[in-house]
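First comes the structure, then the notes that go with it.
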Amino acid sequence: MERITSFCVDHTKLKKGIYISRVDGDLITFDIRMCEPNVDEPLDPKAAHTIEHIGATLLRNGQYKDHIIYFGPMGCMTGFYLIVKNLEFDLVKDIVKDVFNQISKWNEAIPGAKKEECGNYTYMDINKAKDAALFFIHSPLEYEYHFLENN
């Protein structure tokens, strides 16, 4: 079997930041790397779940909601994938920074955190989500148009 593209990326070279992971026609997948792989402490799964709920809600209700396809955590718990349609890289960087800034200051109920709305609705931690968002936005970030390299 062929290795998938994301496993061909040298994760020892990735830093915290926002990267283009892949381009499929007019869909662009962004790698929002909140932690330096295999260096920083990975995201707490409860924090990631909380960030997913708040982030997806903000993105799908924001100015560019018609361009948002998907927002969700990476299995390795070092960040998130954001799939957008027809948005420029510099604009997405600004959108991501704004969303994580809003998460760091979140004082409302967590969206979708009810039994009827989520299959694991108690598996959330707003304080760890805020801390993770602050860790991401208050540190130097790399911004690269492409990072995929076959190694």
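If you're wondering about the labels, chains in the structure tokens are A, B, ... by order shown, residues count from 1 in each chain, ligands from 1 in order shown.
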_Long-range neighbours of Ser139 in chain A as a PyMOL selection string, 9 Å cut-off, only C-alpha atoms, 4 positions minimum in chain_ = chain A and resi 16+134-135
Per residue of range 7-105 of chain A within 9 Å of range 109-127 of chain A, what are the shortest atom pair and its distance in Å to one decimal, counting only C-alpha atoms, with rows by chain and residue number, as CSV?
residue,atom,partner,partner_atom,distance
A:Asp44,CA,A:Asp125,CA,8.7
A:Pro45,CA,A:Met124,CA,8.1
A:Lys46,CA,A:Met124,CA,4.4
A:Ala47,CA,A:Asp125,CA,5.2
A:Ala48,CA,A:Met124,CA,8.1
A:His49,CA,A:Met124,CA,6.0
A:Thr50,CA,A:Met124,CA,5.2
A:Ile51,CA,A:Ile126,CA,8.1
A:His53,CA,A:Pro111,CA,6.0
A:Ile54,CA,A:Pro111,CA,6.1
A:Thr57,CA,A:Pro111,CA,7.0
A:Ile103,CA,A:Ile126,CA,8.9
A:Ser104,CA,A:Asn127,CA,8.7
Check which residues of range 44-138 of chain A sit at most 10 Å from range 22-33 of chain A using only C-alpha atoms, and return one row each with the closest pair of atoms and their distance in Å to one decimal, ordered by chain and rising number, as JSON lines.
{"residue": "A:His67", "atom": "CA", "partner": "A:Leu27", "partner_atom": "CA", "distance": 9.2}
{"residue": "A:Ile68", "atom": "CA", "partner": "A:Leu27", "partner_atom": "CA", "distance": 9.6}
{"residue": "A:Ile69", "atom": "CA", "partner": "A:Leu27", "partner_atom": "CA", "distance": 8.4}
{"residue": "A:Tyr70", "atom": "CA", "partner": "A:Thr29", "partner_atom": "CA", "distance": 8.9}
{"residue": "A:Phe71", "atom": "CA", "partner": "A:Phe30", "partner_atom": "CA", "distance": 9.5}
{"residue": "A:Gly72", "atom": "CA", "partner": "A:Ile32", "partner_atom": "CA", "distance": 10.0}
{"residue": "A:Pro73", "atom": "CA", "partner": "A:Ile32", "partner_atom": "CA", "distance": 9.2}
{"residue": "A:Met74", "atom": "CA", "partner": "A:Asp31", "partner_atom": "CA", "distance": 8.9}
{"residue": "A:Met77", "atom": "CA", "partner": "A:Arg33", "partner_atom": "CA", "distance": 9.3}
{"residue": "A:Thr78", "atom": "CA", "partner": "A:Arg33", "partner_atom": "CA", "distance": 5.9}
{"residue": "A:Gly79", "atom": "CA", "partner": "A:Arg33", "partner_atom": "CA", "distance": 4.5}
{"residue": "A:Phe80", "atom": "CA", "partner": "A:Ile32", "partner_atom": "CA", "distance": 5.1}
{"residue": "A:Tyr81", "atom": "CA", "partner": "A:Asp31", "partner_atom": "CA", "distance": 5.1}
{"residue": "A:Leu82", "atom": "CA", "partner": "A:Phe30", "partner_atom": "CA", "distance": 5.0}
{"residue": "A:Ile83", "atom": "CA", "partner": "A:Thr29", "partner_atom": "CA", "distance": 4.3}
{"residue": "A:Val84", "atom": "CA", "partner": "A:Ile28", "partner_atom": "CA", "distance": 5.4}
{"residue": "A:Lys85", "atom": "CA", "partner": "A:Leu27", "partner_atom": "CA", "distance": 4.6}
{"residue": "A:Asn86", "atom": "CA", "partner": "A:Asp26", "partner_atom": "CA", "distance": 5.6}
{"residue": "A:Leu87", "atom": "CA", "partner": "A:Ile28", "partner_atom": "CA", "distance": 8.0}
{"residue": "A:Glu88", "atom": "CA", "partner": "A:Ile28", "partner_atom": "CA", "distance": 9.2}
{"residue": "A:Phe89", "atom": "CA", "partner": "A:Phe30", "partner_atom": "CA", "distance": 8.9}
{"residue": "A:Val92", "atom": "CA", "partner": "A:Phe30", "partner_atom": "CA", "distance": 8.6}
{"residue": "A:Lys93", "atom": "CA", "partner": "A:Ile32", "partner_atom": "CA", "distance": 9.4}
{"residue": "A:Val96", "atom": "CA", "partner": "A:Ile32", "partner_atom": "CA", "distance": 8.2}
{"residue": "A:Phe136", "atom": "CA", "partner": "A:Arg33", "partner_atom": "CA", "distance": 8.4}
*Apply DSSP to the structure's backbone, then extract all residues of chain A labelled alpha helix (DSSP H) and return them as a PyMOL selection string.*
chain A and resi 45-61+89-104+126-137
Would you put the residues from that selection into a file with C-alpha atoms, as a CSV table (one decimal), in the first residue's frame?
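Result saved to again25.csv:
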chain,number,residue,atom,x,y,z
A,45,PRO,CA,-8.5,15.4,24.2
A,46,LYS,CA,-11.1,17.2,26.3
A,47,ALA,CA,-9.6,20.5,25.3
A,48,ALA,CA,-9.5,19.5,21.6
A,49,HIS,CA,-13.1,18.4,21.8
A,50,THR,CA,-14.1,21.8,23.3
A,51,ILE,CA,-12.0,23.7,20.7
A,52,GLU,CA,-13.7,21.7,18.0
A,53,HIS,CA,-17.2,22.6,19.2
A,54,ILE,CA,-16.4,26.3,19.7
A,55,GLY,CA,-14.2,26.7,16.6
A,56,ALA,CA,-16.7,25.0,14.3
A,57,THR,CA,-19.5,27.1,15.6
A,58,LEU,CA,-17.5,30.3,15.2
A,59,LEU,CA,-16.4,29.4,11.7
A,60,ARG,CA,-19.8,28.2,10.5
A,61,ASN,CA,-21.4,31.4,11.8
A,89,PHE,CA,-4.0,31.8,2.5
A,90,ASP,CA,-3.5,35.2,4.1
A,91,LEU,CA,-7.2,35.5,4.9
A,92,VAL,CA,-7.3,32.0,6.4
A,93,LYS,CA,-4.4,32.9,8.7
A,94,ASP,CA,-6.3,35.9,10.0
A,95,ILE,CA,-9.5,33.9,10.4
A,96,VAL,CA,-7.7,31.2,12.4
A,97,LYS,CA,-5.9,33.7,14.7
A,98,ASP,CA,-9.3,35.4,15.3
A,99,VAL,CA,-11.1,32.1,16.1
A,100,PHE,CA,-8.4,31.0,18.5
A,101,ASN,CA,-8.4,34.4,20.2
A,102,GLN,CA,-12.1,34.2,20.7
A,103,ILE,CA,-11.8,30.6,22.1
A,104,SER,CA,-9.1,31.9,24.6
A,126,ILE,CA,-13.2,24.8,28.7
A,127,ASN,CA,-10.2,25.9,30.8
A,128,LYS,CA,-7.8,23.6,29.1
A,129,ALA,CA,-9.2,24.7,25.7
A,130,LYS,CA,-8.6,28.3,26.6
A,131,ASP,CA,-5.0,27.5,27.8
A,132,ALA,CA,-4.3,25.6,24.5
A,133,ALA,CA,-5.7,28.5,22.4
A,134,LEU,CA,-3.5,31.0,24.4
A,135,PHE,CA,-0.4,28.7,24.0
A,136,PHE,CA,-1.0,28.7,20.2
A,137,ILE,CA,-1.7,32.4,19.6
*DSSP on the backbone, then: every residue of chain A marked strand (DSSP E), written as a VMD selection string.*
chain A and resid 17 to 24 27 to 33 68 to 73 79 to 85 142 to 144
_Between CA of Val9 in chain A and CA of Asp40 in chain A, what distance in Å does the model show, to one decimal?_
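So the answer is 17.9 Å.
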*Between CA of Arg3 in chain A and CA of Ile20 in chain A - distance in Å to one decimal*: 18.8 Å
*Using CA of Cys8 in chain A and CA of Ser21 in chain A as the two end points, give the distance in Å to one decimal.*
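Spanning CA of Cys8 in chain A to CA of Ser21 in chain A is a straight-line distance of 11.4 Å.
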